[in-house]
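The structure appears right after this line, and notes come after that.
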Amino acid sequence: MAGHNTILENEDQPLLTSFNLTRDGEERDNHGSESGLSHNREILERSLLRKLDRRMSILILIYILNYIDRNNASAARLRGFEEDLHLKGSQFATILSILYIGYILMQIPSNMFLNYFGKPSKYLPWCMIIWGALSVCTGFTTSFFGALCTRFLLGFVEAAFFPGALFLISKWYKRNELSERTALLACGILLSNAFGSLIASGILDSMEGVLGYAAWRWLFFVEGSATIIVAIWSLYILPDFPESKASWLTPSEQALAIQRMAEDAGVSGESLVESYASESSLGQWPGLRLAVYDWKVWWLALSLTSMVVSLSFNAYFPTLGATLGYGPTKTLLLCAPPWLFATGVAVTLSRHSDKSGERCKHIISSLCVGLVGFILAMSTMNTMIRYLSLFLMAQSYAGFIVFLAWASGSVAHPPAKRAVALALINCVSQLGNVAGSYVWPSSWGPSYNLSYSICILTSALSITMCYIFRRHLAGLNHKREKLEADRGEVKGYRYML
């Protein structure tokens with residue numbers, strides 16, 4: 001491309017002098033026309049995003065495997081997992097919930113270390129290799145205690161991935177690009193539920209007795225081994241942070257990557273790099289302090305916790321599918337379409353959220369549709385209506401995904417604070433998964449009306465908290481606008497509502 005080559009002619013210049021930008025982010029070419037430079041930047045930016053999207057896309061596959069390894073116990077339950085391990089009472093729920101204890105303990109230290117270490121391309125894949133090995137080990141367990149230990153350690157190591165991945169994409173993408181990319185990442189949850197069910201049905205149906213192992217054990221062997229293989233592959237694909245030298249980018253593309261984030265933050269590129277250097281010298285504790293003392297972080301964390309409880313049906317989806325009255329294999333196959341539908345809704349809703357620059361209404365609309373699903377499931381045992389309710393419930397994850405982008409943009413700077421804040425929000429919200437593990441006891445089935453009632457209450461609470469938070473951010477934007485008008489300043493940073 002001629003335009004592309006033109007802008008790369010002077011690649012030996014310092015990175016941050018590749019572009020001369022005014023305060024409001026408009027490009028000025030000291031040796032040519034403004035329109036020419038604007039066109040060249042557009043070409044370069046497209047090239048940067050294309051390369052970046054290709055590399056980041058492996059995060060979706062990793063997250064699919066992350067959730068498959070986390071949720072395969074629910075599929076194994078249909079083929080003798082409880083009986084072979086001699087589980088009684090609430091022990092299965094404890095095996096599910098113990099994973100989130102390890103998950104909670106490790107998330108904040110993990111993201112603090114990731115921001116300090118600065119090499120997500122090494123850190124995340126090695127964590128993945130370890131959790132894949134632990135998933136394989138789960139297939140060898142013979143008792144409640146053995147399964148409890150492997151699940152706890154699995155959560156401990158898996159904690160590195162999701163907050164780390166959110167932090168990584170938030171370092172490369174601007175706020176108006178973030179929701180769609182977060183959606184594509186978080187679609188790993190939805191696709192894992194869809195394809196995890198299909199994979200599980202195949203393994204559980206064909207591997208019984210192979211080499212003397214029960215089919216549910218092969219479920220852990222196969223899926224854990226697949227995780228290790230993809231982890232080794234990802235060592236050579238995942239990018240590091242923009243300020244780290246990247247052989248897959250030209251110097252001009254890397255300069256633009258830093259400059260884009262500077263513009264989005266309302267500071268100069270040099271100031272952004274200086275802030276990175278300052279953080280390295282101060283360590284991670286200032287970021288921890290800034291996050292802990294910002295009440296917005298805690299409000300978002302509690303709102304997400306309430307939302308996560310309302311989404312706890314996810315871990316018991318095969319159990320809810322079994323209430324339709326079909327056998328184990330057909331039940332797992334029927335679990336796939338609702339999650340494929342939810343994936344489409346999530347991508348569409350997130351893309352529209354980015355284009356419209358609005359978050360809260362998109363979140364609330366998705367959760368309200370989910371409420372309709374809960375009410376339908378409570379109202380009847382009719383097979384078709386209950387199956388329809390699974391589609392409406394599953395699409396609630398679209399609101400969850402938009403919420404993650406909203407949270408990331410609402411506690412964006414400085415980066416050390418964002419690293420801790422994202423981990424803290426996700427960490428606290430996992431208490432919702434711990435509680436949610438006990439919301440679906442077998443004794444409440446097959447109608448699970450009490451379980452659905454809890455989901456309705458927690459979803460309504462989350463909707464209310466999102467609306468209040470939106471009003472608060474609108475007030476902050478209004479104050480900032482008035483201050484800029486009084487001082488005669490150009491328009492600066494605004495919170496997305």
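Simple scheme: letters A, B, ... for chains in structure tokens order, numbers from 1 for residues in each chain, numbers from 1 for ligands in the order shown.
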
Quick one: everything within 8 Å of Phe400 (chain A), counting only C-alpha atoms, minus sequence neighbours fewer than 6 positions away in the same chain. Send it as a ChimeraX atom specification. /A:304,307,363

Would you mind exporting the chosen residues as a compact mmCIF listing (two decimals), in the first residue's frame, restricted to all heavy atoms?
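In the end it all went to part.txt:
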# COMPACT_ATOMS: atom_id res chain seq x y z
N LEU A 304 -21.78 -6.30 40.24
CA LEU A 304 -21.44 -7.48 39.46
C LEU A 304 -21.65 -8.77 40.27
O LEU A 304 -22.07 -9.79 39.72
CB LEU A 304 -19.98 -7.39 38.99
CG LEU A 304 -19.52 -8.48 38.02
CD1 LEU A 304 -20.37 -8.48 36.75
CD2 LEU A 304 -18.04 -8.31 37.66
N MET A 307 -25.18 -9.61 40.03
CA MET A 307 -25.46 -10.11 38.69
C MET A 307 -24.98 -11.56 38.53
O MET A 307 -25.66 -12.39 37.92
CB MET A 307 -24.77 -9.22 37.65
CG MET A 307 -25.21 -9.48 36.21
SD MET A 307 -24.28 -8.48 35.00
CE MET A 307 -24.61 -6.82 35.57
N ILE A 363 -27.10 -2.87 29.27
CA ILE A 363 -27.02 -3.87 30.35
C ILE A 363 -28.42 -4.18 30.88
O ILE A 363 -28.81 -5.35 31.01
CB ILE A 363 -26.12 -3.35 31.49
CG1 ILE A 363 -24.69 -3.15 31.00
CG2 ILE A 363 -26.15 -4.31 32.69
CD1 ILE A 363 -23.82 -2.34 31.96

Please provide the set of residues having any atom within 6 Å of region 65-82 of chain A, restricted to only C-alpha atoms, with same-chain residues fewer than 4 positions apart removed, written as number ranges by chain. A: 86-87, 192, 196, 216

With only C-alpha atoms as the counted atoms, please give the residues lying no more than 12 Å from region 479-484 of chain A, apart from itself and same-chain residues fewer than 6 positions off, as a compact mmCIF listing (two decimals) with all heavy atoms, in the first residue's frame.
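Now in selection_15.txt:
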# COMPACT_ATOMS: atom_id res chain seq x y z
N HIS A 472 -24.79 8.79 38.78
CA HIS A 472 -23.61 9.38 39.40
C HIS A 472 -22.59 9.81 38.34
O HIS A 472 -22.04 10.92 38.41
CB HIS A 472 -22.97 8.38 40.36
CG HIS A 472 -21.65 8.84 40.92
ND1 HIS A 472 -21.54 9.87 41.83
CD2 HIS A 472 -20.38 8.43 40.67
CE1 HIS A 472 -20.27 10.08 42.11
NE2 HIS A 472 -19.54 9.21 41.43
N LEU A 473 -22.32 8.94 37.36
CA LEU A 473 -21.36 9.29 36.30
C LEU A 473 -21.85 10.47 35.48
O LEU A 473 -21.04 11.32 35.06
CB LEU A 473 -21.13 8.08 35.39
CG LEU A 473 -20.45 6.85 36.00
CD1 LEU A 473 -20.17 5.81 34.92
CD2 LEU A 473 -19.15 7.23 36.71
N VAL A 490 -10.53 22.83 26.41
CA VAL A 490 -11.15 21.96 25.40
C VAL A 490 -11.78 20.76 26.11
O VAL A 490 -11.46 20.46 27.26
CB VAL A 490 -10.12 21.47 24.37
CG1 VAL A 490 -9.55 22.62 23.58
CG2 VAL A 490 -9.00 20.67 25.05
N LYS A 491 -12.67 20.07 25.40
CA LYS A 491 -13.37 18.92 25.99
C LYS A 491 -12.38 17.82 26.34
O LYS A 491 -11.58 17.39 25.50
CB LYS A 491 -14.42 18.40 25.02
CG LYS A 491 -15.25 17.25 25.57
CD LYS A 491 -16.33 16.80 24.59
CE LYS A 491 -17.13 15.64 25.15
NZ LYS A 491 -18.20 15.20 24.22
N GLY A 492 -12.45 17.34 27.58
CA GLY A 492 -11.55 16.29 28.04
C GLY A 492 -12.27 14.96 28.23
O GLY A 492 -13.24 14.66 27.53
N TYR A 493 -11.78 14.21 29.18
CA TYR A 493 -12.31 12.86 29.43
C TYR A 493 -13.75 12.90 29.90
O TYR A 493 -14.14 13.75 30.69
CB TYR A 493 -11.43 12.20 30.51
CG TYR A 493 -11.81 10.79 30.86
CD1 TYR A 493 -11.34 9.71 30.13
CD2 TYR A 493 -12.67 10.53 31.93
CE1 TYR A 493 -11.68 8.42 30.44
CE2 TYR A 493 -13.04 9.22 32.26
CZ TYR A 493 -12.52 8.18 31.52
OH TYR A 493 -12.88 6.89 31.84
N ARG A 494 -14.57 11.99 29.38
CA ARG A 494 -15.96 11.81 29.84
C ARG A 494 -16.21 10.34 30.10
O ARG A 494 -15.77 9.47 29.35
CB ARG A 494 -16.95 12.29 28.77
CG ARG A 494 -16.91 13.77 28.48
CD ARG A 494 -17.47 14.60 29.63
NE ARG A 494 -17.60 15.99 29.24
CZ ARG A 494 -16.63 16.89 29.34
NH1 ARG A 494 -15.42 16.50 29.80
NH2 ARG A 494 -16.79 18.13 28.95
N TYR A 495 -16.94 10.07 31.19
CA TYR A 495 -17.34 8.71 31.47
C TYR A 495 -18.42 8.27 30.49
O TYR A 495 -19.31 9.03 30.13
CB TYR A 495 -17.92 8.60 32.89
CG TYR A 495 -16.89 8.73 33.98
CD1 TYR A 495 -16.79 9.90 34.74
CD2 TYR A 495 -16.03 7.67 34.28
CE1 TYR A 495 -15.86 10.03 35.75
CE2 TYR A 495 -15.09 7.79 35.31
CZ TYR A 495 -15.01 8.97 36.02
OH TYR A 495 -14.09 9.08 37.02

How many Å lie between CA of Ile169 (chain A) and CA of Arg181 (chain A), rounded to one decimal?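 About the pair CA of Ile169 (chain A) and CA of Arg181 (chain A): they are 7.6 Å apart.
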
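Every protein or nucleic acid residue with an atom no more than 6 Å from region 53-60 of chain A, counting only C-alpha atoms and leaving out same-chain residues fewer than 4 positions away, appears here: Leu49, Leu185, Gly188, Ile237 and Leu238 of chain A.
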
Neighbours of Trp233 (chain A) within 12 Å (only C-alpha atoms; same-chain residues fewer than 4 positions away dropped), as number ranges by chain? A: 55, 58-59, 61-62, 121-122, 124-126, 128-129, 226-229, 237-238

Those same residues - all heavy atoms - I'd like them written as a CSV table (one decimal), in the first residue's frame.
chain,number,residue,atom,x,y,z
A,55,ARG,N,-4.0,-11.4,16.8
A,55,ARG,CA,-3.2,-12.0,17.9
A,55,ARG,C,-4.2,-12.1,19.1
A,55,ARG,O,-4.1,-13.1,19.8
A,55,ARG,CB,-2.0,-11.1,18.3
A,55,ARG,CG,-0.9,-11.3,17.3
A,55,ARG,CD,0.4,-10.5,17.6
A,55,ARG,NE,1.4,-10.9,16.7
A,55,ARG,CZ,2.3,-11.8,16.8
A,55,ARG,NH1,2.3,-12.5,18.0
A,55,ARG,NH2,3.2,-12.1,15.9
A,58,ILE,N,-6.8,-15.3,20.0
A,58,ILE,CA,-6.5,-16.6,20.7
A,58,ILE,C,-7.0,-16.5,22.1
A,58,ILE,O,-7.3,-17.6,22.7
A,58,ILE,CB,-5.0,-16.9,20.7
A,58,ILE,CG1,-4.8,-18.4,21.0
A,58,ILE,CG2,-4.2,-16.0,21.6
A,58,ILE,CD1,-3.4,-18.9,20.8
A,59,LEU,N,-7.3,-15.3,22.6
A,59,LEU,CA,-7.8,-15.2,24.0
A,59,LEU,C,-9.2,-15.9,24.0
A,59,LEU,O,-9.6,-16.4,25.1
A,59,LEU,CB,-7.9,-13.8,24.4
A,59,LEU,CG,-6.6,-13.0,24.7
A,59,LEU,CD1,-6.8,-11.6,24.9
A,59,LEU,CD2,-5.9,-13.7,25.9
A,61,LEU,N,-10.3,-18.5,22.3
A,61,LEU,CA,-10.0,-20.0,22.4
A,61,LEU,C,-9.6,-20.3,23.9
A,61,LEU,O,-10.0,-21.3,24.4
A,61,LEU,CB,-9.0,-20.4,21.4
A,61,LEU,CG,-8.7,-21.9,21.4
A,61,LEU,CD1,-9.9,-22.8,21.2
A,61,LEU,CD2,-7.6,-22.2,20.3
A,62,ILE,N,-8.7,-19.5,24.4
A,62,ILE,CA,-8.2,-19.8,25.8
A,62,ILE,C,-9.3,-19.7,26.8
A,62,ILE,O,-9.5,-20.6,27.7
A,62,ILE,CB,-7.1,-18.8,26.2
A,62,ILE,CG1,-5.9,-19.0,25.3
A,62,ILE,CG2,-6.7,-19.0,27.6
A,62,ILE,CD1,-4.8,-18.0,25.5
A,121,SER,N,2.5,-12.4,27.5
A,121,SER,CA,2.7,-13.5,26.5
A,121,SER,C,3.4,-14.7,27.1
A,121,SER,O,3.3,-15.8,26.6
A,121,SER,CB,3.5,-12.9,25.4
A,121,SER,OG,4.8,-12.6,25.8
A,122,LYS,N,4.0,-14.5,28.3
A,122,LYS,CA,4.7,-15.6,29.0
A,122,LYS,C,3.8,-16.0,30.2
A,122,LYS,O,3.6,-17.2,30.5
A,122,LYS,CB,6.1,-15.2,29.5
A,122,LYS,CG,7.0,-14.7,28.3
A,122,LYS,CD,7.3,-15.9,27.4
A,122,LYS,CE,8.3,-15.5,26.3
A,122,LYS,NZ,7.8,-14.5,25.3
A,124,LEU,N,0.5,-15.6,31.1
A,124,LEU,CA,-0.8,-16.3,30.9
A,124,LEU,C,-0.7,-17.7,30.4
A,124,LEU,O,-1.4,-18.6,30.9
A,124,LEU,CB,-1.7,-15.4,30.0
A,124,LEU,CG,-2.1,-14.0,30.6
A,124,LEU,CD1,-2.9,-13.2,29.6
A,124,LEU,CD2,-2.8,-14.1,31.9
A,125,PRO,N,0.1,-18.0,29.3
A,125,PRO,CA,0.2,-19.3,28.9
A,125,PRO,C,0.8,-20.3,29.9
A,125,PRO,O,0.3,-21.5,30.0
A,125,PRO,CB,1.2,-19.2,27.7
A,125,PRO,CG,1.0,-17.8,27.2
A,125,PRO,CD,0.8,-17.0,28.4
A,126,TRP,N,1.8,-19.9,30.7
A,126,TRP,CA,2.3,-20.8,31.7
A,126,TRP,C,1.3,-21.1,32.8
A,126,TRP,O,1.2,-22.3,33.3
A,126,TRP,CB,3.6,-20.3,32.3
A,126,TRP,CG,4.8,-20.6,31.5
A,126,TRP,CD1,5.5,-19.7,30.7
A,126,TRP,CD2,5.4,-21.9,31.4
A,126,TRP,NE1,6.5,-20.4,30.1
A,126,TRP,CE2,6.5,-21.7,30.5
A,126,TRP,CE3,5.1,-23.1,31.9
A,126,TRP,CZ2,7.3,-22.8,30.1
A,126,TRP,CZ3,5.9,-24.2,31.5
A,126,TRP,CH2,7.0,-24.0,30.6
A,128,MET,N,-1.8,-21.3,32.1
A,128,MET,CA,-2.7,-22.1,31.4
A,128,MET,C,-2.2,-23.6,31.4
A,128,MET,O,-3.0,-24.5,31.5
A,128,MET,CB,-2.9,-21.6,30.0
A,128,MET,CG,-4.0,-22.2,29.2
A,128,MET,SD,-4.1,-21.5,27.5
A,128,MET,CE,-5.3,-22.5,26.8
A,129,ILE,N,-0.9,-23.8,31.2
A,129,ILE,CA,-0.3,-25.1,31.2
A,129,ILE,C,-0.6,-25.8,32.5
A,129,ILE,O,-0.9,-27.0,32.6
A,129,ILE,CB,1.2,-25.0,30.9
A,129,ILE,CG1,1.4,-24.6,29.4
A,129,ILE,CG2,1.9,-26.3,31.2
A,129,ILE,CD1,2.8,-24.3,29.1
A,226,ALA,N,-6.0,-30.8,25.9
A,226,ALA,CA,-6.3,-29.8,24.9
A,226,ALA,C,-5.8,-28.4,25.3
A,226,ALA,O,-5.3,-27.6,24.6
A,226,ALA,CB,-7.7,-29.8,24.4
A,227,THR,N,-6.1,-28.1,26.6
A,227,THR,CA,-5.7,-26.8,27.2
A,227,THR,C,-4.2,-26.7,27.2
A,227,THR,O,-3.7,-25.6,26.8
A,227,THR,CB,-6.2,-26.8,28.7
A,227,THR,OG1,-7.6,-26.8,28.7
A,227,THR,CG2,-5.7,-25.5,29.3
A,228,ILE,N,-3.4,-27.7,27.5
A,228,ILE,CA,-2.0,-27.7,27.5
A,228,ILE,C,-1.4,-27.4,26.1
A,228,ILE,O,-0.5,-26.6,25.9
A,228,ILE,CB,-1.4,-28.9,28.1
A,228,ILE,CG1,-1.8,-29.1,29.6
A,228,ILE,CG2,0.1,-29.0,27.9
A,228,ILE,CD1,-1.4,-30.4,30.2
A,229,ILE,N,-2.0,-28.0,25.1
A,229,ILE,CA,-1.5,-27.9,23.7
A,229,ILE,C,-1.8,-26.4,23.2
A,229,ILE,O,-0.9,-25.8,22.7
A,229,ILE,CB,-2.3,-28.9,22.8
A,229,ILE,CG1,-1.8,-30.3,23.1
A,229,ILE,CG2,-2.0,-28.5,21.3
A,229,ILE,CD1,-2.7,-31.4,22.4
A,237,ILE,N,2.0,-16.4,20.3
A,237,ILE,CA,1.0,-15.5,19.6
A,237,ILE,C,0.6,-14.3,20.5
A,237,ILE,O,0.5,-13.2,19.9
A,237,ILE,CB,-0.2,-16.4,19.3
A,237,ILE,CG1,0.1,-17.5,18.3
A,237,ILE,CG2,-1.4,-15.5,18.8
A,237,ILE,CD1,-1.0,-18.4,18.0
A,238,LEU,N,0.4,-14.5,21.8
A,238,LEU,CA,-0.1,-13.4,22.6
A,238,LEU,C,0.9,-12.2,22.6
A,238,LEU,O,2.1,-12.4,22.7
A,238,LEU,CB,-0.3,-13.9,24.0
A,238,LEU,CG,-1.6,-14.6,24.4
A,238,LEU,CD1,-1.5,-15.0,25.8
A,238,LEU,CD2,-2.8,-13.7,24.2

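The environment of Leu198 (chain A) within 6 Å, counting only C-alpha atoms and disregarding residues fewer than 3 places along the same chain, consists of Phe195, Ser201 and Leu333 of chain A.
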
Output file for the residues above (C-alpha atoms, as a PDB file, in the first residue's frame):
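What ended up in part-v8.pdb:
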ATOM      1  CA  PHE A 195     -19.334 -26.530  22.453  1.00  0.00           C
ATOM      2  CA  SER A 201     -21.713 -35.572  24.912  1.00  0.00           C
ATOM      3  CA  LEU A 333     -27.004 -31.520  22.830  1.00  0.00           C
TER       4      LEU A 333
END

Find the distance between CA of Leu392 (chain A) and CA of Ser310 (chain A) and write it in Å to one decimal. 12.9 Å

Closest atom pairs, residues of region 377-460 of chain A within 9 Å of region 349-362 of chain A, only C-alpha atoms, as JSON lines:
{"residue": "A:Ala398", "atom": "CA", "partner": "A:Leu349", "partner_atom": "CA", "distance": 6.8}
{"residue": "A:Gly399", "atom": "CA", "partner": "A:His362", "partner_atom": "CA", "distance": 6.6}
{"residue": "A:Ile401", "atom": "CA", "partner": "A:Ser350", "partner_atom": "CA", "distance": 7.6}
{"residue": "A:Val402", "atom": "CA", "partner": "A:Ser350", "partner_atom": "CA", "distance": 5.9}
{"residue": "A:Phe403", "atom": "CA", "partner": "A:Arg359", "partner_atom": "CA", "distance": 7.2}
{"residue": "A:Ala405", "atom": "CA", "partner": "A:Arg359", "partner_atom": "CA", "distance": 8.2}
{"residue": "A:Trp406", "atom": "CA", "partner": "A:Arg359", "partner_atom": "CA", "distance": 6.2}

Top pick for closest residue to Ala407 (chain A), considering A:Gly146, A:Gly432, A:Pro120, A:Pro163 and counting only C-alpha atoms: A:Pro163

To one decimal place, how far is CA of Tyr438 (chain A) from CA of Ser97 (chain A) in Å? 8.2 Å

As a PyMOL selection string, please: every residue in region 231-451 of chain A that DSSP puts in helix (DSSP H, G or I). chain A and resi 231-234+251-265+269-282+285-292+295-310+312-322+328-334+336-356+360-379+383-394+396-410+415-436+442-444+449-451

Taking only C-alpha atoms into account, name the residue in A:Ala160, A:Ile425, A:Leu311, A:Val420 that is nearest to Leu390 (chain A).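 Counting only C-alpha atoms, the residue closest to Leu390 (chain A) is A:Leu311.
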
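Candidate residues A:Thr383, A:Met378, A:Ile95, A:Asn193 were compared for distance to Ser453 (chain A), and the nearest is A:Met378, using only C-alpha atoms.
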
If you count only C-alpha atoms, which residues fall within 9 Å of Tyr387 (chain A), apart from same-chain ones fewer than 3 positions away, as number ranges by chain? A: 321, 324, 334, 338, 377, 382-384, 390-391

Take the residues from that selection and write them out as a JSON list (two decimals), in the first residue's frame, keeping C-alpha atoms.
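Output (selection.json):
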[["chain", "number", "residue", "atom", "x", "y", "z"],
["A", 321, "GLY", "CA", -31.75, -29.07, 30.68],
["A", 324, "LEU", "CA", -36.98, -31.23, 29.99],
["A", 334, "LEU", "CA", -30.04, -29.38, 23.70],
["A", 338, "PRO", "CA", -29.29, -21.40, 23.87],
["A", 377, "ALA", "CA", -39.45, -21.15, 33.88],
["A", 382, "ASN", "CA", -44.22, -27.35, 29.77],
["A", 383, "THR", "CA", -41.21, -28.59, 27.78],
["A", 384, "MET", "CA", -41.30, -25.99, 24.99],
["A", 390, "LEU", "CA", -33.26, -21.24, 28.72],
["A", 391, "PHE", "CA", -32.63, -19.08, 25.64]]
